[in-house]
file target_7.txt (compact mmCIF, C-alpha atoms)
# COMPACT_ATOMS: atom_id res chain seq x y z
CA MET A 1 0.00 0.00 0.00
CA ARG A 2 1.36 3.42 -0.90
CA GLY A 3 2.00 5.77 1.98
CA PRO A 4 0.61 9.30 2.18
CA ARG A 5 2.00 11.87 -0.21
CA ARG A 6 4.78 13.89 1.38
CA LEU A 7 5.06 17.62 0.80
CA HIS A 8 8.48 19.06 0.06
CA GLY A 9 9.99 22.36 -1.00
CA PRO A 10 8.17 25.71 -0.97
CA THR A 11 4.72 26.06 0.55
CA PRO A 12 2.40 23.64 -1.29
CA ARG A 13 -0.74 24.95 -2.95
CA LEU A 14 -2.86 23.11 -0.42
CA LEU A 15 -1.26 25.05 2.44
CA ARG A 16 -1.37 28.50 0.85
CA THR A 17 -3.81 30.68 2.71
CA ARG A 18 -4.58 33.79 0.72
CA GLY A 19 -7.50 35.85 1.92
CA VAL A 20 -9.79 35.05 -1.01
CA GLY A 21 -11.86 32.03 -1.86
CA PRO A 22 -11.62 29.98 -5.08
CA GLY A 23 -13.11 31.56 -8.17
CA PRO A 24 -15.83 30.14 -10.45
CA GLY A 25 -14.89 26.75 -11.88
CA ALA A 26 -11.99 26.31 -9.46
CA THR A 27 -11.20 22.90 -8.03
CA PRO A 28 -12.47 22.21 -4.51
CA GLY A 29 -10.36 23.86 -1.86
CA PRO A 30 -8.79 22.40 1.27
CA VAL A 31 -10.71 21.20 4.30
CA TRP A 32 -9.21 22.36 7.58
CA LEU A 33 -9.58 20.18 10.66
CA PHE A 34 -8.77 22.37 13.66
CA ASP A 35 -7.93 21.22 17.15
CA LEU A 36 -9.23 23.49 19.92
CA ASP A 37 -7.05 23.77 23.04
CA ASN A 38 -3.68 25.46 22.48
CA THR A 39 -4.53 25.67 18.80
CA LEU A 40 -7.43 28.09 18.39
CA HIS A 41 -6.89 29.59 21.85
CA ASN A 42 -4.24 29.60 24.55
CA SER A 43 -5.64 27.09 27.03
CA SER A 44 -2.33 26.94 28.93
CA HIS A 45 -2.96 30.53 30.08
CA ALA A 46 -5.71 29.57 32.55
CA ILE A 47 -8.13 26.93 31.26
CA PHE A 48 -5.87 23.89 31.68
CA THR A 49 -5.53 24.69 35.38
CA HIS A 50 -9.31 24.64 35.79
CA ILE A 51 -9.62 21.47 33.71
CA ASN A 52 -7.00 19.72 35.85
CA ILE A 53 -8.75 20.74 39.06
CA GLY A 54 -12.16 19.80 37.69
CA MET A 55 -11.00 16.43 36.36
CA THR A 56 -9.34 15.45 39.63
CA ARG A 57 -12.35 16.53 41.67
CA ALA A 58 -14.73 14.67 39.35
CA VAL A 59 -12.70 11.44 39.62
CA MET A 60 -12.58 11.77 43.40
CA GLU A 61 -16.33 12.30 43.68
CA THR A 62 -17.31 9.70 41.10
CA LEU A 63 -15.11 6.88 42.38
CA ASP A 64 -14.92 7.97 46.04
CA VAL A 65 -11.11 8.01 46.08
CA ASP A 66 -8.57 10.47 47.49
CA GLU A 67 -6.71 13.07 45.44
CA ASP A 68 -3.54 11.01 44.96
CA GLN A 69 -5.46 7.98 43.66
CA ALA A 70 -7.58 10.21 41.44
CA ASN A 71 -4.45 11.67 39.81
CA VAL A 72 -2.98 8.20 39.31
CA LEU A 73 -6.14 7.02 37.53
CA ARG A 74 -6.40 10.22 35.48
CA THR A 75 -2.87 9.84 34.15
CA ARG A 76 -3.16 6.09 33.58
CA TYR A 77 -6.37 6.29 31.57
CA TRP A 78 -5.30 9.36 29.63
CA LYS A 79 -2.06 7.68 28.51
CA ARG A 80 -3.79 4.40 27.66
CA TYR A 81 -6.96 5.64 25.97
CA GLY A 82 -6.30 9.25 24.96
CA ALA A 83 -8.98 10.53 27.36
CA THR A 84 -9.52 9.88 31.06
CA VAL A 85 -13.27 9.50 30.67
CA ILE A 86 -12.84 6.50 28.38
CA GLY A 87 -10.98 4.53 31.05
CA LEU A 88 -13.52 5.55 33.67
CA ASN A 89 -16.36 4.39 31.46
CA ARG A 90 -14.67 1.14 30.45
CA HIS A 91 -13.36 0.05 33.86
CA HIS A 92 -15.80 1.68 36.28
CA GLY A 93 -19.02 2.09 34.30
CA VAL A 94 -18.95 5.88 34.71
CA ASN A 95 -21.53 7.76 32.63
CA VAL A 96 -19.60 9.72 30.01
CA ASP A 97 -21.96 12.70 29.72
CA ASP A 98 -22.29 13.12 33.49
CA PHE A 99 -18.54 12.98 34.05
CA LEU A 100 -17.74 15.46 31.25
CA ALA A 101 -20.33 17.90 32.56
CA ARG A 102 -18.90 17.64 36.08
CA SER A 103 -15.22 17.85 35.09
CA HIS A 104 -15.72 20.90 32.82
CA ASP A 105 -18.04 22.87 35.07
CA PHE A 106 -16.43 26.33 35.06
CA ASP A 107 -17.00 29.73 33.49
CA VAL A 108 -15.18 29.51 30.15
CA PRO A 109 -15.38 33.14 28.88
CA GLU A 110 -13.39 34.55 31.79
CA LEU A 111 -10.49 32.18 31.06
CA VAL A 112 -10.19 32.24 27.26
CA ARG A 113 -7.23 34.02 25.68
CA ALA A 114 -6.89 34.37 21.90
CA PRO A 115 -5.90 37.08 19.40
CA LYS A 116 -8.65 39.65 18.85
CA SER A 117 -8.22 39.32 15.09
CA LEU A 118 -8.76 35.55 15.09
CA ALA A 119 -12.38 35.62 13.89
CA TYR A 120 -11.51 37.96 11.03
CA ARG A 121 -8.46 35.92 10.04
CA LEU A 122 -10.39 32.66 10.12
CA SER A 123 -13.15 34.16 8.00
CA ARG A 124 -10.58 34.89 5.30
CA LEU A 125 -9.20 31.35 5.21
CA PRO A 126 -10.58 29.56 2.12
CA GLY A 127 -11.98 26.08 2.46
CA ARG A 128 -14.30 24.18 4.78
CA LYS A 129 -13.55 24.10 8.50
CA VAL A 130 -14.20 21.25 10.92
CA LEU A 131 -13.44 21.20 14.64
CA LEU A 132 -11.78 18.00 15.88
CA THR A 133 -11.20 17.99 19.62
CA ASN A 134 -10.90 15.40 22.39
CA ALA A 135 -12.64 17.91 24.66
CA PRO A 136 -16.35 17.72 25.57
CA ARG A 137 -18.84 19.19 23.14
CA HIS A 138 -20.42 21.69 25.56
CA TYR A 139 -16.99 23.06 26.42
CA ALA A 140 -15.97 23.35 22.75
CA LEU A 141 -19.21 25.17 21.91
CA SER A 142 -18.69 27.58 24.78
CA VAL A 143 -15.17 28.47 23.63
CA LEU A 144 -16.18 28.89 19.99
CA LYS A 145 -19.17 31.06 20.88
CA HIS A 146 -17.08 33.29 23.12
CA LEU A 147 -14.48 33.74 20.38
CA LYS A 148 -17.24 34.31 17.78
CA LEU A 149 -15.86 31.41 15.71
CA LEU A 150 -18.79 28.99 15.77
CA ARG A 151 -20.32 30.23 12.51
CA PHE A 152 -17.17 29.35 10.58
CA PHE A 153 -17.30 25.62 11.35
CA ASP A 154 -19.37 23.23 9.27
CA SER A 155 -19.26 20.52 11.95
CA ILE A 156 -17.85 19.69 15.38
CA TRP A 157 -16.33 16.37 16.41
CA ALA A 158 -15.91 16.25 20.18
CA ILE A 159 -15.04 13.31 22.44
CA GLU A 160 -18.71 12.24 22.62
CA GLN A 161 -18.80 11.68 18.84
CA MET A 162 -15.53 9.73 18.68
CA ARG A 163 -17.01 6.23 18.73
CA ILE A 164 -16.53 3.66 15.99
CA HIS A 165 -18.85 0.65 16.25
CA GLY A 166 -19.55 1.64 19.84
CA THR A 167 -15.90 1.90 20.89
CA PHE A 168 -14.24 5.22 21.73
CA ARG A 169 -11.40 6.08 19.33
CA PRO A 170 -10.21 9.62 20.09
CA LYS A 171 -7.18 11.32 18.60
CA PRO A 172 -4.50 10.19 17.81
CA SER A 173 -6.32 7.19 16.31
CA PRO A 174 -5.82 6.96 12.51
CA ALA A 175 -9.10 5.01 12.44
CA LEU A 176 -10.86 8.06 13.86
CA MET A 177 -9.32 10.29 11.20
CA ARG A 178 -10.51 7.96 8.43
CA HIS A 179 -13.94 7.75 10.04
CA VAL A 180 -14.27 11.54 10.19
CA LEU A 181 -13.14 11.92 6.58
CA ALA A 182 -15.62 9.30 5.43
CA ARG A 183 -18.51 10.84 7.34
CA GLU A 184 -17.64 14.33 6.11
CA GLY A 185 -17.08 13.18 2.53
CA ILE A 186 -13.51 14.49 2.47
CA PRO A 187 -10.64 12.86 0.54
CA ALA A 188 -7.51 12.70 2.67
CA SER A 189 -5.57 14.56 -0.03
CA ARG A 190 -7.65 17.69 0.68
CA ALA A 191 -7.64 17.48 4.48
CA ILE A 192 -5.27 19.38 6.77
CA LEU A 193 -5.11 18.83 10.53
CA VAL A 194 -4.00 21.91 12.49
CA GLU A 195 -2.97 20.76 15.93
CA ASP A 196 -0.54 21.37 18.82
CA THR A 197 -0.02 17.71 19.78
CA LEU A 198 2.55 15.83 17.72
CA GLU A 199 1.14 12.39 18.45
CA ASN A 200 -2.19 13.48 16.98
CA LEU A 201 -0.42 14.81 13.89
CA ARG A 202 1.37 11.49 13.52
CA GLY A 203 -1.98 9.69 13.56
CA ALA A 204 -3.32 12.11 10.96
CA ARG A 205 -0.36 11.50 8.67
CA GLN A 206 -0.90 7.73 8.97
CA ALA A 207 -4.44 8.34 7.72
CA GLY A 208 -3.09 10.33 4.76
CA LEU A 209 -3.84 13.89 5.94
CA HIS A 210 -1.60 16.91 5.60
CA THR A 211 -0.44 18.39 8.89
CA VAL A 212 0.26 21.75 10.52
CA HIS A 213 1.93 21.81 13.92
CA VAL A 214 1.04 24.76 16.15
CA PHE A 215 4.14 24.87 18.35
CA HIS A 216 3.95 26.71 21.66
CA PRO A 217 7.27 26.62 23.55
CA GLY A 218 6.65 25.83 27.21
CA THR A 219 3.21 24.25 26.79
CA PRO A 220 2.63 20.63 27.89
CA PHE A 221 2.93 19.05 24.44
CA ALA A 222 5.93 21.08 23.28
CA ARG A 223 8.45 20.13 25.94
CA GLY A 224 11.33 18.05 24.68
CA HIS A 225 10.61 18.60 20.99
CA ARG A 226 12.96 20.49 18.70
CA GLY A 227 12.84 20.91 14.97
CA ARG A 228 10.06 19.71 12.70
CA ALA A 229 9.02 16.07 12.68
CA ASP A 230 9.01 14.33 9.30
CA TYR A 231 5.23 13.86 9.49
CA VAL A 232 4.67 17.62 9.90
CA ASP A 233 4.25 19.61 6.69
CA LEU A 234 4.24 23.04 8.28
CA ARG A 235 5.18 24.34 11.72
CA VAL A 236 3.91 27.68 13.06
CA ASN A 237 4.11 29.39 16.44
CA SER A 238 0.39 30.20 16.54
CA VAL A 239 -2.71 29.68 14.46
CA GLU A 240 -2.63 33.40 13.71
CA HIS A 241 0.75 32.95 12.03
CA LEU A 242 -0.79 30.27 9.83
CA LEU A 243 -3.72 32.51 8.90
CA CYS A 244 -1.39 35.43 8.20
CA ARG A 245 1.01 33.28 6.14
CA ARG A 246 3.93 34.42 8.29
CA ARG A 247 5.66 31.04 8.39
CA PRO A 248 6.68 29.35 5.13
CA LEU A 249 7.03 25.60 4.92
CA ARG A 250 10.54 24.64 5.97
CA ARG A 251 12.65 22.58 3.64
CA ARG A 252 13.62 19.12 4.86
call {"tool": "encode", "arguments": {"input": "target_7.txt", "output": "structure tokens"}}
result
Amino acid sequence: MRGPRRLHGPTPRLLRTRGVGPGPGATPGPVWLFDLDNTLHNSSHAIFTHINIGMTRAVMETLDVDEDQANVLRTRYWKRYGATVIGLNRHHGVNVDDFLARSHDFDVPELVRAPKSLAYRLSRLPGRKVLLTNAPRHYALSVLKHLKLLRFFDSIWAIEQMRIHGTFRPKPSPALMRHVLAREGIPASRAILVEDTLENLRGARQAGLHTVHVFHPGTPFARGHRGRADYVDLRVNSVEHLLCRRRPLRRR
């Protein structure tokens, strides 16, 4: 089986982001799959702290365990399944919707930090836009509404929707990527995942997608990584840099 097409040299046509849409008779444009946290907004500024507190408290209350045991289980299930709630559901029968509501019960607007020009920049990006996040749907909707970005997205894939034949398959699962593309009617050759987590970008590349790494030095998923991985087509320091075309594709 042939592997995914690699992009080399100057910025490929698929990754060029001029502020105008395709003209009459033009070929279909790219489809952008955007991650949410530390991609469309800076969740490391304040939100991750509240998520960590809320997740630990929710595990403690749901399983009736102390804080140390709750943190052990959180980390174990997150590393094994890609989301803590999946392990809680699989091994403890925890209701997914109830746990997500409890663990993300905080006032989002007061904590969100993102460039003021983000909505304008995103509106000028040609192509369809899909949100693909391992976060809960109600939380994702709250962030998008606060940033006035919701109207730009054709669909939202949150953790609740990431089931294949009844089994949770969140990012970085290549099977999830293929499932999303099939359901959205998107050929992999037109799809671009914009994401801050390298492991998720690796999964996307295995499914044949193009990849953009939003690299934030000092954030949880950036530590220990230098240079551009061979499965990353473009690396930028913020989504705004991508939308402004301030970072060309590096040569390999």
call {"tool": "closest_residue", "arguments": {"input": "target_7.txt", "among": "A:Val72, A:Ala135, A:Val96, A:Leu36", "to": "Val112 (chain A)", "atoms": "all atoms listed in the file"}}
result
A:Leu36
call {"tool": "residues_around", "arguments": {"input": "target_7.txt", "residues": "Arg137 (chain A)", "least_positions_apart": "5", "cutoff": "12 Å", "atoms": "all atoms listed in the file", "output": "list in words"}}
result
Leu36, Val96, Asp97, Leu100, Ala101, His104, Leu131, Leu132, Ser142, Val143, Leu144, Ser155, Ile156, Trp157, Ala158, Ile159, Glu160, Gln161 and Met162 of chain A
call {"tool": "closest_residue", "arguments": {"input": "target_7.txt", "among": "A:Val232, A:Ile186, A:Ile51, A:Leu40", "to": "Gly127 (chain A)", "atoms": "all atoms listed in the file"}}
result
A:Ile186
call {"tool": "atom_distance", "arguments": {"input": "target_7.txt", "atom1": "CA of Leu111 (chain A)", "atom2": "CA of Val194 (chain A)"}}
result
22.2 Å
call {"tool": "atom_distance", "arguments": {"input": "target_7.txt", "atom1": "CA of Ala207 (chain A)", "atom2": "CA of Arg74 (chain A)"}}
result
27.9 Å
call {"tool": "atom_distance", "arguments": {"input": "target_7.txt", "atom1": "CA of Leu193 (chain A)", "atom2": "CA of Thr211 (chain A)"}}
result
5.0 Å
call {"tool": "closest_residue", "arguments": {"input": "target_7.txt", "among": "A:His213, A:Thr56, A:Pro170, A:Val130", "to": "Asp68 (chain A)", "atoms": "only C-alpha atoms"}}
result
A:Thr56
call {"tool": "closest_residue", "arguments": {"input": "target_7.txt", "among": "A:Val239, A:Ala83, A:Val59, A:Val212", "to": "Ser173 (chain A)", "atoms": "only C-alpha atoms"}}
result
A:Ala83
call {"tool": "closest_residue", "arguments": {"input": "target_7.txt", "among": "A:Lys129, A:Arg80, A:Arg169, A:Arg235", "to": "Arg151 (chain A)", "atoms": "all atoms listed in the file"}}
result
A:Lys129
call {"tool": "closest_residue", "arguments": {"input": "target_7.txt", "among": "A:His146, A:His216, A:Ile164, A:Gly93", "to": "Arg183 (chain A)", "atoms": "all atoms listed in the file"}}
result
A:Ile164
call {"tool": "axis_aligned_box", "arguments": {"input": "target_7.txt", "around": "region 94-111 of chain A", "padding_each_side": "4 Å", "output": "JSON"}}
result
{"center_x": -16.4, "center_y": 20.2, "center_z": 32.5, "size_x": 19.8, "size_y": 36.7, "size_z": 15.2}
call {"tool": "residues_around", "arguments": {"input": "target_7.txt", "residues": "region 118-120 of chain A", "least_positions_apart": "2", "cutoff": "8 Å", "atoms": "only C-alpha atoms", "output": "JSON list (two decimals) with C-alpha atoms, keeping the file's coordinate frame"}}
result
[["chain", "number", "residue", "atom", "x", "y", "z"],
["A", 114, "ALA", "CA", -6.89, 34.37, 21.90],
["A", 115, "PRO", "CA", -5.90, 37.08, 19.40],
["A", 116, "LYS", "CA", -8.65, 39.65, 18.85],
["A", 122, "LEU", "CA", -10.39, 32.66, 10.12],
["A", 123, "SER", "CA", -13.15, 34.16, 8.00],
["A", 124, "ARG", "CA", -10.58, 34.89, 5.30],
["A", 147, "LEU", "CA", -14.48, 33.74, 20.38],
["A", 148, "LYS", "CA", -17.24, 34.31, 17.78],
["A", 149, "LEU", "CA", -15.86, 31.41, 15.71],
["A", 240, "GLU", "CA", -2.63, 33.40, 13.71]]
call {"tool": "residues_around", "arguments": {"input": "target_7.txt", "residues": "region 200-204 of chain A", "least_positions_apart": "4", "cutoff": "12 Å", "atoms": "all atoms listed in the file", "output": "mmCIF file with C-alpha atoms, in the frame of the given file"}}
result
data_model
loop_
_atom_site.group_PDB
_atom_site.id
_atom_site.type_symbol
_atom_site.label_atom_id
_atom_site.label_comp_id
_atom_site.auth_asym_id
_atom_site.auth_seq_id
_atom_site.Cartn_x
_atom_site.Cartn_y
_atom_site.Cartn_z
ATOM 1 C CA PRO A 4 0.610 9.300 2.180
ATOM 2 C CA LEU A 33 -9.580 20.180 10.660
ATOM 3 C CA PHE A 34 -8.770 22.370 13.660
ATOM 4 C CA ASP A 35 -7.930 21.220 17.150
ATOM 5 C CA GLY A 82 -6.300 9.250 24.960
ATOM 6 C CA LEU A 132 -11.780 18.000 15.880
ATOM 7 C CA THR A 133 -11.200 17.990 19.620
ATOM 8 C CA ASN A 134 -10.900 15.400 22.390
ATOM 9 C CA ARG A 169 -11.400 6.080 19.330
ATOM 10 C CA PRO A 170 -10.210 9.620 20.090
ATOM 11 C CA LYS A 171 -7.180 11.320 18.600
ATOM 12 C CA PRO A 172 -4.500 10.190 17.810
ATOM 13 C CA SER A 173 -6.320 7.190 16.310
ATOM 14 C CA PRO A 174 -5.820 6.960 12.510
ATOM 15 C CA ALA A 175 -9.100 5.010 12.440
ATOM 16 C CA LEU A 176 -10.860 8.060 13.860
ATOM 17 C CA MET A 177 -9.320 10.290 11.200
ATOM 18 C CA ARG A 178 -10.510 7.960 8.430
ATOM 19 C CA HIS A 179 -13.940 7.750 10.040
ATOM 20 C CA VAL A 180 -14.270 11.540 10.190
ATOM 21 C CA LEU A 181 -13.140 11.920 6.580
ATOM 22 C CA ALA A 188 -7.510 12.700 2.670
ATOM 23 C CA SER A 189 -5.570 14.560 -0.030
ATOM 24 C CA ALA A 191 -7.640 17.480 4.480
ATOM 25 C CA ILE A 192 -5.270 19.380 6.770
ATOM 26 C CA LEU A 193 -5.110 18.830 10.530
ATOM 27 C CA VAL A 194 -4.000 21.910 12.490
ATOM 28 C CA GLU A 195 -2.970 20.760 15.930
ATOM 29 C CA ASP A 196 -0.540 21.370 18.820
ATOM 30 C CA GLY A 208 -3.090 10.330 4.760
ATOM 31 C CA LEU A 209 -3.840 13.890 5.940
ATOM 32 C CA HIS A 210 -1.600 16.910 5.600
ATOM 33 C CA THR A 211 -0.440 18.390 8.890
ATOM 34 C CA VAL A 212 0.260 21.750 10.520
ATOM 35 C CA HIS A 213 1.930 21.810 13.920
ATOM 36 C CA VAL A 214 1.040 24.760 16.150
ATOM 37 C CA PHE A 215 4.140 24.870 18.350
ATOM 38 C CA PHE A 221 2.930 19.050 24.440
ATOM 39 C CA ARG A 228 10.060 19.710 12.700
ATOM 40 C CA ALA A 229 9.020 16.070 12.680
ATOM 41 C CA ASP A 230 9.010 14.330 9.300
ATOM 42 C CA TYR A 231 5.230 13.860 9.490
ATOM 43 C CA VAL A 232 4.670 17.620 9.900
ATOM 44 C CA ASP A 233 4.250 19.610 6.690
ATOM 45 C CA LEU A 234 4.240 23.040 8.280
ATOM 46 C CA ARG A 235 5.180 24.340 11.720
#
call {"tool": "decode", "arguments": {"input": "target_7.txt", "residues": "region 167-248 of chain A", "atoms": "C-alpha atoms", "output": "compact mmCIF listing (two decimals), in the first residue's frame"}}
result
# COMPACT_ATOMS: atom_id res chain seq x y z
CA THR A 167 -15.90 1.90 20.89
CA PHE A 168 -14.24 5.22 21.73
CA ARG A 169 -11.40 6.08 19.33
CA PRO A 170 -10.21 9.62 20.09
CA LYS A 171 -7.18 11.32 18.60
CA PRO A 172 -4.50 10.19 17.81
CA SER A 173 -6.32 7.19 16.31
CA PRO A 174 -5.82 6.96 12.51
CA ALA A 175 -9.10 5.01 12.44
CA LEU A 176 -10.86 8.06 13.86
CA MET A 177 -9.32 10.29 11.20
CA ARG A 178 -10.51 7.96 8.43
CA HIS A 179 -13.94 7.75 10.04
CA VAL A 180 -14.27 11.54 10.19
CA LEU A 181 -13.14 11.92 6.58
CA ALA A 182 -15.62 9.30 5.43
CA ARG A 183 -18.51 10.84 7.34
CA GLU A 184 -17.64 14.33 6.11
CA GLY A 185 -17.08 13.18 2.53
CA ILE A 186 -13.51 14.49 2.47
CA PRO A 187 -10.64 12.86 0.54
CA ALA A 188 -7.51 12.70 2.67
CA SER A 189 -5.57 14.56 -0.03
CA ARG A 190 -7.65 17.69 0.68
CA ALA A 191 -7.64 17.48 4.48
CA ILE A 192 -5.27 19.38 6.77
CA LEU A 193 -5.11 18.83 10.53
CA VAL A 194 -4.00 21.91 12.49
CA GLU A 195 -2.97 20.76 15.93
CA ASP A 196 -0.54 21.37 18.82
CA THR A 197 -0.02 17.71 19.78
CA LEU A 198 2.55 15.83 17.72
CA GLU A 199 1.14 12.39 18.45
CA ASN A 200 -2.19 13.48 16.98
CA LEU A 201 -0.42 14.81 13.89
CA ARG A 202 1.37 11.49 13.52
CA GLY A 203 -1.98 9.69 13.56
CA ALA A 204 -3.32 12.11 10.96
CA ARG A 205 -0.36 11.50 8.67
CA GLN A 206 -0.90 7.73 8.97
CA ALA A 207 -4.44 8.34 7.72
CA GLY A 208 -3.09 10.33 4.76
CA LEU A 209 -3.84 13.89 5.94
CA HIS A 210 -1.60 16.91 5.60
CA THR A 211 -0.44 18.39 8.89
CA VAL A 212 0.26 21.75 10.52
CA HIS A 213 1.93 21.81 13.92
CA VAL A 214 1.04 24.76 16.15
CA PHE A 215 4.14 24.87 18.35
CA HIS A 216 3.95 26.71 21.66
CA PRO A 217 7.27 26.62 23.55
CA GLY A 218 6.65 25.83 27.21
CA THR A 219 3.21 24.25 26.79
CA PRO A 220 2.63 20.63 27.89
CA PHE A 221 2.93 19.05 24.44
CA ALA A 222 5.93 21.08 23.28
CA ARG A 223 8.45 20.13 25.94
CA GLY A 224 11.33 18.05 24.68
CA HIS A 225 10.61 18.60 20.99
CA ARG A 226 12.96 20.49 18.70
CA GLY A 227 12.84 20.91 14.97
CA ARG A 228 10.06 19.71 12.70
CA ALA A 229 9.02 16.07 12.68
CA ASP A 230 9.01 14.33 9.30
CA TYR A 231 5.23 13.86 9.49
CA VAL A 232 4.67 17.62 9.90
CA ASP A 233 4.25 19.61 6.69
CA LEU A 234 4.24 23.04 8.28
CA ARG A 235 5.18 24.34 11.72
CA VAL A 236 3.91 27.68 13.06
CA ASN A 237 4.11 29.39 16.44
CA SER A 238 0.39 30.20 16.54
CA VAL A 239 -2.71 29.68 14.46
CA GLU A 240 -2.63 33.40 13.71
CA HIS A 241 0.75 32.95 12.03
CA LEU A 242 -0.79 30.27 9.83
CA LEU A 243 -3.72 32.51 8.90
CA CYS A 244 -1.39 35.43 8.20
CA ARG A 245 1.01 33.28 6.14
CA ARG A 246 3.93 34.42 8.29
CA ARG A 247 5.66 31.04 8.39
CA PRO A 248 6.68 29.35 5.13
